[in-house]
$ cat protein-v6.pdb   # PDB, C-alpha atoms and all ligand atoms
ATOM      1  CA  MET A   1     -24.661 -18.540   1.433  1.00  0.00           C
ATOM      2  CA  LYS A   2     -22.729 -20.971  -0.746  1.00  0.00           C
ATOM      3  CA  LYS A   3     -22.389 -19.811  -4.338  1.00  0.00           C
ATOM      4  CA  THR A   4     -22.964 -22.018  -7.367  1.00  0.00           C
ATOM      5  CA  PRO A   5     -20.081 -22.677  -9.789  1.00  0.00           C
ATOM      6  CA  LYS A   6     -21.804 -20.391 -12.303  1.00  0.00           C
ATOM      7  CA  GLU A   7     -22.025 -17.564  -9.770  1.00  0.00           C
ATOM      8  CA  LEU A   8     -18.367 -17.991  -8.852  1.00  0.00           C
ATOM      9  CA  LYS A   9     -17.472 -17.818 -12.547  1.00  0.00           C
ATOM     10  CA  ILE A  10     -19.435 -14.598 -13.011  1.00  0.00           C
ATOM     11  CA  GLN A  11     -17.805 -13.085  -9.925  1.00  0.00           C
ATOM     12  CA  ALA A  12     -14.394 -14.006 -11.412  1.00  0.00           C
ATOM     13  CA  ARG A  13     -15.278 -12.416 -14.749  1.00  0.00           C
ATOM     14  CA  MET A  14     -16.044  -9.175 -12.919  1.00  0.00           C
ATOM     15  CA  GLN A  15     -12.510  -8.837 -11.551  1.00  0.00           C
ATOM     16  CA  PRO A  16     -10.116  -6.227 -13.011  1.00  0.00           C
ATOM     17  CA  GLY A  17      -8.328  -7.298 -16.177  1.00  0.00           C
ATOM     18  CA  VAL A  18     -10.699 -10.110 -17.164  1.00  0.00           C
ATOM     19  CA  ILE A  19     -13.287  -8.389 -19.376  1.00  0.00           C
ATOM     20  CA  THR A  20     -12.392  -4.774 -18.657  1.00  0.00           C
ATOM     21  CA  TYR A  21      -9.253  -3.167 -17.322  1.00  0.00           C
ATOM     22  CA  GLY A  22     -10.922  -1.899 -14.165  1.00  0.00           C
ATOM     23  CA  GLY A  23     -13.439  -4.692 -13.657  1.00  0.00           C
ATOM     24  CA  PHE A  24     -17.045  -4.235 -12.560  1.00  0.00           C
ATOM     25  CA  LEU A  25     -16.839  -4.273  -8.772  1.00  0.00           C
ATOM     26  CA  GLY A  26     -14.586  -1.344  -7.873  1.00  0.00           C
ATOM     27  CA  THR A  27     -13.671  -1.344  -4.206  1.00  0.00           C
ATOM     28  CA  ASP A  28     -16.905  -3.139  -3.307  1.00  0.00           C
ATOM     29  CA  LYS A  29     -16.252  -6.235  -1.212  1.00  0.00           C
ATOM     30  CA  ARG A  30     -19.804  -7.545  -1.592  1.00  0.00           C
ATOM     31  CA  HIS A  31     -20.732 -10.427  -3.867  1.00  0.00           C
ATOM     32  CA  TYR A  32     -22.354  -9.179  -7.061  1.00  0.00           C
ATOM     33  CA  LEU A  33     -25.667 -10.842  -6.026  1.00  0.00           C
ATOM     34  CA  ASP A  34     -25.707  -8.738  -2.855  1.00  0.00           C
ATOM     35  CA  ILE A  35     -24.917  -5.579  -4.841  1.00  0.00           C
ATOM     36  CA  ILE A  36     -27.904  -6.360  -7.089  1.00  0.00           C
ATOM     37  CA  ALA A  37     -30.194  -7.129  -4.148  1.00  0.00           C
ATOM     38  CA  ASP A  38     -29.282  -3.855  -2.401  1.00  0.00           C
ATOM     39  CA  ASP A  39     -29.822  -1.802  -5.565  1.00  0.00           C
ATOM     40  CA  GLU A  40     -33.189  -3.500  -6.157  1.00  0.00           C
ATOM     41  CA  LYS A  41     -34.242  -2.465  -2.644  1.00  0.00           C
ATOM     42  CA  LYS A  42     -33.129   1.073  -3.433  1.00  0.00           C
ATOM     43  CA  LEU A  43     -35.133   1.076  -6.688  1.00  0.00           C
ATOM     44  CA  ASP A  44     -38.254   0.083  -4.758  1.00  0.00           C
ATOM     45  CA  THR A  45     -37.930   3.170  -2.587  1.00  0.00           C
ATOM     46  CA  LEU A  46     -37.275   5.349  -5.649  1.00  0.00           C
ATOM     47  CA  GLY A  47     -40.370   4.099  -7.471  1.00  0.00           C
ATOM     48  CA  LYS A  48     -38.511   3.363 -10.717  1.00  0.00           C
ATOM     49  CA  SER A  49     -37.745  -0.031 -12.181  1.00  0.00           C
ATOM     50  CA  ALA A  50     -34.404  -1.095 -13.614  1.00  0.00           C
ATOM     51  CA  GLU A  51     -36.184  -1.418 -16.979  1.00  0.00           C
ATOM     52  CA  GLU A  52     -37.387   2.196 -16.855  1.00  0.00           C
ATOM     53  CA  ILE A  53     -33.857   3.382 -16.096  1.00  0.00           C
ATOM     54  CA  ALA A  54     -32.409   1.226 -18.893  1.00  0.00           C
ATOM     55  CA  ASP A  55     -35.007   2.609 -21.322  1.00  0.00           C
ATOM     56  CA  ARG A  56     -34.080   6.141 -20.336  1.00  0.00           C
ATOM     57  CA  LEU A  57     -30.344   5.542 -20.841  1.00  0.00           C
ATOM     58  CA  GLU A  58     -31.055   3.869 -24.167  1.00  0.00           C
ATOM     59  CA  TYR A  59     -33.146   6.835 -25.249  1.00  0.00           C
ATOM     60  CA  PHE A  60     -30.260   9.225 -24.561  1.00  0.00           C
ATOM     61  CA  GLN A  61     -27.834   6.935 -26.338  1.00  0.00           C
ATOM     62  CA  GLN A  62     -30.100   6.629 -29.375  1.00  0.00           C
ATOM     63  CA  VAL A  63     -30.568  10.405 -29.638  1.00  0.00           C
ATOM     64  CA  SER A  64     -26.823  10.775 -29.556  1.00  0.00           C
ATOM     65  CA  PHE A  65     -26.258   8.078 -32.204  1.00  0.00           C
ATOM     66  CA  ASP A  66     -28.892   9.669 -34.437  1.00  0.00           C
ATOM     67  CA  SER A  67     -27.316  13.096 -34.174  1.00  0.00           C
ATOM     68  CA  PHE A  68     -24.496  14.080 -36.463  1.00  0.00           C
ATOM     69  CA  GLN A  69     -23.352  16.762 -34.071  1.00  0.00           C
ATOM     70  CA  SER A  70     -20.723  16.182 -31.459  1.00  0.00           C
ATOM     71  CA  SER A  71     -23.210  16.993 -28.747  1.00  0.00           C
ATOM     72  CA  THR A  72     -26.972  17.430 -28.553  1.00  0.00           C
ATOM     73  CA  VAL A  73     -29.068  19.340 -26.042  1.00  0.00           C
ATOM     74  CA  LEU A  74     -32.419  17.804 -25.101  1.00  0.00           C
ATOM     75  CA  GLU A  75     -35.299  19.819 -23.661  1.00  0.00           C
ATOM     76  CA  ASP A  76     -32.801  22.539 -22.633  1.00  0.00           C
ATOM     77  CA  LYS A  77     -31.880  20.245 -19.796  1.00  0.00           C
ATOM     78  CA  TRP A  78     -29.511  17.495 -20.877  1.00  0.00           C
ATOM     79  CA  ASP A  79     -26.395  17.537 -22.988  1.00  0.00           C
ATOM     80  CA  VAL A  80     -25.726  14.199 -24.657  1.00  0.00           C
ATOM     81  CA  GLU A  81     -22.486  13.232 -26.290  1.00  0.00           C
ATOM     82  CA  THR A  82     -21.166   9.916 -27.581  1.00  0.00           C
ATOM     83  CA  GLU A  83     -17.535   9.068 -28.008  1.00  0.00           C
ATOM     84  CA  VAL A  84     -17.268   6.310 -30.557  1.00  0.00           C
ATOM     85  CA  VAL A  85     -14.609   3.821 -29.605  1.00  0.00           C
ATOM     86  CA  ARG A  86     -13.779   0.830 -31.701  1.00  0.00           C
ATOM     87  CA  GLY A  87     -14.527  -2.588 -30.402  1.00  0.00           C
ATOM     88  CA  TYR A  88     -17.091  -4.589 -28.545  1.00  0.00           C
ATOM     89  CA  ILE A  89     -17.396  -5.842 -25.024  1.00  0.00           C
ATOM     90  CA  ALA A  90     -18.929  -9.009 -23.567  1.00  0.00           C
ATOM     91  CA  CYS A  91     -21.449  -9.345 -20.751  1.00  0.00           C
ATOM     92  CA  PRO A  92     -19.805 -10.690 -17.545  1.00  0.00           C
ATOM     93  CA  PHE A  93     -22.894 -12.835 -16.956  1.00  0.00           C
ATOM     94  CA  ALA A  94     -21.729 -14.878 -19.951  1.00  0.00           C
ATOM     95  CA  HIS A  95     -24.552 -14.041 -22.304  1.00  0.00           C
ATOM     96  CA  GLN A  96     -24.168 -14.492 -26.016  1.00  0.00           C
ATOM     97  CA  GLY A  97     -23.560 -11.323 -27.937  1.00  0.00           C
ATOM     98  CA  MET A  98     -21.278  -8.356 -27.735  1.00  0.00           C
ATOM     99  CA  TYR A  99     -21.985  -4.729 -26.929  1.00  0.00           C
ATOM    100  CA  ARG A 100     -20.723  -1.612 -28.642  1.00  0.00           C
ATOM    101  CA  LYS A 101     -18.026   0.131 -26.700  1.00  0.00           C
ATOM    102  CA  SER A 102     -19.082   3.712 -27.585  1.00  0.00           C
ATOM    103  CA  TYR A 103     -19.291   5.893 -24.487  1.00  0.00           C
ATOM    104  CA  THR A 104     -22.370   8.077 -24.083  1.00  0.00           C
ATOM    105  CA  THR A 105     -22.160  10.932 -21.595  1.00  0.00           C
ATOM    106  CA  VAL A 106     -25.318  12.664 -20.407  1.00  0.00           C
ATOM    107  CA  THR A 107     -24.902  15.871 -18.429  1.00  0.00           C
ATOM    108  CA  ASN A 108     -27.723  17.503 -16.528  1.00  0.00           C
ATOM    109  CA  LEU A 109     -27.120  21.161 -17.450  1.00  0.00           C
ATOM    110  CA  GLN A 110     -28.706  22.443 -14.244  1.00  0.00           C
ATOM    111  CA  SER A 111     -26.847  20.325 -11.725  1.00  0.00           C
ATOM    112  CA  LYS A 112     -23.793  19.707 -13.996  1.00  0.00           C
ATOM    113  CA  LYS A 113     -23.881  16.048 -12.985  1.00  0.00           C
ATOM    114  CA  SER A 114     -22.641  13.672 -15.686  1.00  0.00           C
ATOM    115  CA  PHE A 115     -23.176   9.972 -16.326  1.00  0.00           C
ATOM    116  CA  THR A 116     -21.155   7.883 -18.762  1.00  0.00           C
ATOM    117  CA  PHE A 117     -22.261   4.496 -20.027  1.00  0.00           C
ATOM    118  CA  THR A 118     -22.025   2.056 -22.918  1.00  0.00           C
ATOM    119  CA  ALA A 119     -24.557  -0.304 -24.477  1.00  0.00           C
ATOM    120  CA  LEU A 120     -23.266  -2.970 -22.080  1.00  0.00           C
ATOM    121  CA  HIS A 121     -24.237  -0.846 -19.062  1.00  0.00           C
ATOM    122  CA  ILE A 122     -27.771  -0.494 -20.413  1.00  0.00           C
ATOM    123  CA  HIS A 123     -27.912  -4.270 -20.824  1.00  0.00           C
ATOM    124  CA  LEU A 124     -26.486  -4.864 -17.326  1.00  0.00           C
ATOM    125  CA  ILE A 125     -29.188  -2.689 -15.798  1.00  0.00           C
ATOM    126  CA  ARG A 126     -32.076  -4.050 -17.878  1.00  0.00           C
ATOM    127  CA  ALA A 127     -31.241  -7.754 -17.830  1.00  0.00           C
ATOM    128  CA  HIS A 128     -29.372  -8.120 -14.546  1.00  0.00           C
ATOM    129  CA  HIS A 129     -30.366  -5.065 -12.456  1.00  0.00           C
ATOM    130  CA  PHE A 130     -26.614  -4.575 -12.065  1.00  0.00           C
ATOM    131  CA  PHE A 131     -25.282  -1.020 -11.672  1.00  0.00           C
ATOM    132  CA  GLU A 132     -21.712  -2.162 -10.814  1.00  0.00           C
ATOM    133  CA  GLY A 133     -19.931  -2.130  -7.478  1.00  0.00           C
ATOM    134  CA  LYS A 134     -19.213   0.926  -5.357  1.00  0.00           C
ATOM    135  CA  GLY A 135     -15.994   2.619  -6.394  1.00  0.00           C
ATOM    136  CA  SER A 136     -16.144   1.141  -9.891  1.00  0.00           C
ATOM    137  CA  HIS A 137     -15.378   3.774 -12.517  1.00  0.00           C
ATOM    138  CA  PHE A 138     -18.662   3.034 -14.289  1.00  0.00           C
ATOM    139  CA  ARG A 139     -20.852   2.543 -11.230  1.00  0.00           C
ATOM    140  CA  LEU A 140     -24.211   4.255 -11.917  1.00  0.00           C
ATOM    141  CA  GLU A 141     -25.944   5.236  -8.681  1.00  0.00           C
ATOM    142  CA  PRO A 142     -29.686   4.468  -9.067  1.00  0.00           C
ATOM    143  CA  GLU A 143     -30.677   7.364  -6.823  1.00  0.00           C
ATOM    144  CA  GLU A 144     -28.661   9.851  -8.891  1.00  0.00           C
ATOM    145  CA  LEU A 145     -29.941   8.473 -12.198  1.00  0.00           C
ATOM    146  CA  VAL A 146     -33.533   8.889 -11.075  1.00  0.00           C
ATOM    147  CA  LYS A 147     -32.883  12.364  -9.687  1.00  0.00           C
ATOM    148  CA  GLU A 148     -30.859  13.725 -12.621  1.00  0.00           C
ATOM    149  CA  LEU A 149     -32.104  11.995 -15.758  1.00  0.00           C
ATOM    150  CA  PHE A 150     -35.906  11.976 -15.490  1.00  0.00           C
TER     151      PHE A 150
HETATM  152 ZN    ZN A 201     -25.996 -10.238 -19.763  1.00  0.00          ZN
END

$ encode --input "protein-v6.pdb" --output "structure tokens"
Amino acid sequence: MKKTPKELKIQARMQPGVITYGGFLGTDKRHYLDIIADDEKKLDTLGKSAEEIADRLEYFQQVSFDSFQSSTVLEDKWDVETEVVRGYIACPFAHQGMYRKSYTTVTNLQSKKSFTFTALHIHLIRAHHFFEGKGSHFRLEPEELVKELF
């Protein structure tokens, strides 16, 4: 399918070194629209919406921001920690506004699986249903999020 100029621009902004050092697509050769479509199909089978996942990540992030401790344990099940980094980052879909760069890491204490994300990742999931490309450092696998964080 032929891509619009806007879509080509977004795809270009997702390449390494444009907005972030590593880019948003990793080793994924698919167009970002196909990545989104495949993850949306996956979400259907998981029975969770992108919005529900974004809300959950935002909840963890907020708990961590509100805590004055270096790490917080929630419900004896999740350890949440935020590393505050200076600076802001833009959305590759060319939205107005900038997102805090602080990295929140949630670890499921039973499985020891960890997920790291910023405010931009929450926005990407909520507004664009975009979890990044396979092999991207910040790719969040919908199946793992649903399994480990709910
Ligand atoms: Zn956006």

$ resolve_selection --input "protein-v6.pdb" --expression "the PyMOL selection byres (((chain A and resi 117-127) around 7) and not hetatm)" --output "PyMOL selection string"
chain A and resi 50-51+54+57-58+91+99-105+115-116+128-131+138

$ closest_residue --input "protein-v6.pdb" --among "A:Glu148, A:Val18, A:Ala12, A:Glu81" --to "Arg56 in chain A" --atoms "all atoms listed in the file"
A:Glu148

$ resolve_selection --input "protein-v6.pdb" --expression "the PyMOL selection byres (((chain A and resi 31-46) around 12) and not hetatm)" --output "MDAnalysis selection string"
chainID A and resid 1:4 7:15 23:30 47:53 92:93 124:134 139:147 150

$ atom_distance --input "protein-v6.pdb" --atom1 "CA of Ser64 in chain A" --atom2 "atom ZN of ligand ZN 201 (chain A)"
23.2 Å

$ axis_aligned_box --input "protein-v6.pdb" --around "range 86-97 of chain A" --padding-each-side "8 Å" --output "JSON"
{"center_x": -19.2, "center_y": -7.0, "center_z": -24.3, "size_x": 26.8, "size_y": 31.7, "size_z": 30.7}

$ closest_residue --input "protein-v6.pdb" --among "A:Lys77, A:His137, A:Lys113, A:His95" --to "ligand ZN 201 (chain A)" --atoms "only C-alpha atoms and all ligand atoms"
A:His95

$ closest_residue --input "protein-v6.pdb" --among "A:Gln96, A:Thr107, A:Thr20, A:Thr82" --to "ligand ZN 201 (chain A)" --atoms "all atoms listed in the file"
A:Gln96

$ atom_distance --input "protein-v6.pdb" --atom1 "CA of Asp79 in chain A" --atom2 "CA of Tyr59 in chain A"
12.9 Å

$ closest_residue --input "protein-v6.pdb" --among "A:Leu74, A:Met98, A:Leu149, A:Val106" --to "ligand ZN 201 (chain A)" --atoms "only C-alpha atoms and all ligand atoms"
A:Met98

$ atom_distance --input "protein-v6.pdb" --atom1 "CA of Ala90 in chain A" --atom2 "atom ZN of ligand ZN 201 (chain A)"
8.1 Å

$ closest_residue --input "protein-v6.pdb" --among "A:Asp76, A:Ser114, A:Ser67, A:Ala94" --to "ligand ZN 201 (chain A)" --atoms "all atoms listed in the file"
A:Ala94

$ closest_residue --input "protein-v6.pdb" --among "A:Val84, A:Val63, A:Ile89, A:Leu109" --to "ligand ZN 201 (chain A)" --atoms "all atoms listed in the file"
A:Ile89

$ decode --input "protein-v6.pdb" --residues "range 27-134 of chain A" --atoms "C-alpha atoms" --output "short mmCIF file (atom, residue, chain, number, x, y, z; two decimals), in the first residue's frame"
data_model
loop_
_atom_site.label_atom_id
_atom_site.label_comp_id
_atom_site.auth_asym_id
_atom_site.auth_seq_id
_atom_site.Cartn_x
_atom_site.Cartn_y
_atom_site.Cartn_z
CA THR A 27 15.31 -4.55 13.90
CA ASP A 28 11.68 -4.61 12.73
CA LYS A 29 11.43 -4.27 8.96
CA ARG A 30 7.67 -3.66 9.02
CA HIS A 31 6.10 -0.26 8.49
CA TYR A 32 4.98 1.26 11.78
CA LEU A 33 1.31 1.02 10.64
CA ASP A 34 1.71 -2.75 10.25
CA ILE A 35 3.37 -3.01 13.67
CA ILE A 36 0.37 -1.18 15.17
CA ALA A 37 -2.15 -3.33 13.28
CA ASP A 38 -0.47 -6.56 14.44
CA ASP A 39 -0.34 -5.41 18.07
CA GLU A 40 -4.01 -4.37 17.93
CA LYS A 41 -4.88 -7.89 16.76
CA LYS A 42 -2.85 -9.27 19.65
CA LEU A 43 -4.67 -7.00 22.13
CA ASP A 44 -8.01 -8.33 20.89
CA THR A 45 -6.97 -11.86 21.78
CA LEU A 46 -5.65 -10.70 25.17
CA GLY A 47 -8.90 -8.94 26.07
CA LYS A 48 -7.18 -5.70 27.11
CA SER A 49 -7.28 -2.39 25.31
CA ALA A 50 -4.29 -0.17 24.64
CA GLU A 51 -5.97 2.42 26.90
CA GLU A 52 -6.18 -0.04 29.80
CA ILE A 53 -2.50 -0.87 29.42
CA ALA A 54 -1.56 2.82 29.21
CA ASP A 55 -3.62 3.53 32.35
CA ARG A 56 -1.84 0.74 34.17
CA LEU A 57 1.63 2.00 33.19
CA GLU A 58 0.63 5.53 34.17
CA TYR A 59 -0.58 4.28 37.54
CA PHE A 60 2.81 2.68 38.25
CA GLN A 61 4.61 5.80 37.09
CA GLN A 62 2.46 8.05 39.26
CA VAL A 63 3.00 5.90 42.36
CA SER A 64 6.71 6.12 41.74
CA PHE A 65 6.64 9.90 41.23
CA ASP A 66 4.60 10.32 44.41
CA SER A 67 7.01 8.25 46.46
CA PHE A 68 10.07 9.82 47.98
CA GLN A 69 11.79 6.48 48.25
CA SER A 70 14.08 5.14 45.59
CA SER A 71 11.79 2.19 45.07
CA THR A 72 8.27 1.26 46.13
CA VAL A 73 6.66 -2.15 46.48
CA LEU A 74 2.99 -2.40 45.50
CA GLU A 75 0.69 -5.15 46.77
CA ASP A 76 3.78 -7.27 47.60
CA LYS A 77 3.96 -7.96 43.91
CA TRP A 78 5.56 -5.12 41.98
CA ASP A 79 8.66 -3.08 42.62
CA VAL A 80 8.49 0.35 41.01
CA GLU A 81 11.42 2.66 40.56
CA THR A 82 11.87 5.86 38.58
CA GLU A 83 15.16 7.20 37.39
CA VAL A 84 14.79 10.91 36.85
CA VAL A 85 16.67 12.04 33.79
CA ARG A 86 16.76 15.61 32.66
CA GLY A 87 15.10 16.57 29.46
CA TYR A 88 12.03 15.99 27.39
CA ILE A 89 11.29 13.96 24.33
CA ALA A 90 8.93 14.54 21.39
CA CYS A 91 6.31 12.19 19.96
CA PRO A 92 7.42 10.73 16.59
CA PHE A 93 3.86 11.15 15.32
CA ALA A 94 4.56 14.90 15.38
CA HIS A 95 2.14 15.84 18.11
CA GLN A 96 2.52 19.07 20.00
CA GLY A 97 4.01 18.73 23.43
CA MET A 98 6.98 17.08 25.01
CA TYR A 99 7.22 14.15 27.39
CA ARG A 100 9.32 13.76 30.50
CA LYS A 101 12.30 11.55 29.99
CA SER A 102 12.25 9.92 33.46
CA TYR A 103 12.51 6.14 33.22
CA THR A 104 10.10 4.08 35.30
CA THR A 105 10.96 0.43 35.85
CA VAL A 106 8.33 -1.99 37.12
CA THR A 107 9.50 -5.43 38.20
CA ASN A 108 7.13 -8.29 38.88
CA LEU A 109 8.71 -9.71 42.06
CA GLN A 110 7.40 -13.21 41.38
CA SER A 111 8.54 -13.64 37.81
CA LYS A 112 11.41 -11.08 38.06
CA LYS A 113 10.33 -9.65 34.71
CA SER A 114 11.00 -5.93 34.33
CA PHE A 115 9.54 -3.25 32.08
CA THR A 116 11.03 0.20 31.57
CA PHE A 117 9.12 3.10 30.07
CA THR A 118 8.81 6.88 29.99
CA ALA A 119 5.81 9.19 29.76
CA LEU A 120 6.27 9.11 25.98
CA HIS A 121 5.78 5.33 25.91
CA ILE A 122 2.51 5.69 27.82
CA HIS A 123 1.40 8.29 25.28
CA LEU A 124 2.50 6.11 22.33
CA ILE A 125 0.41 3.22 23.62
CA ARG A 126 -2.66 5.28 24.55
CA ALA A 127 -2.83 7.61 21.56
CA HIS A 128 -1.24 5.52 18.82
CA HIS A 129 -1.47 1.89 20.03
CA PHE A 130 2.26 1.80 19.31
CA PHE A 131 4.46 -0.49 21.42
CA GLU A 132 7.57 0.02 19.22
CA GLY A 133 9.18 -2.37 16.77
CA LYS A 134 10.60 -5.79 17.58
#
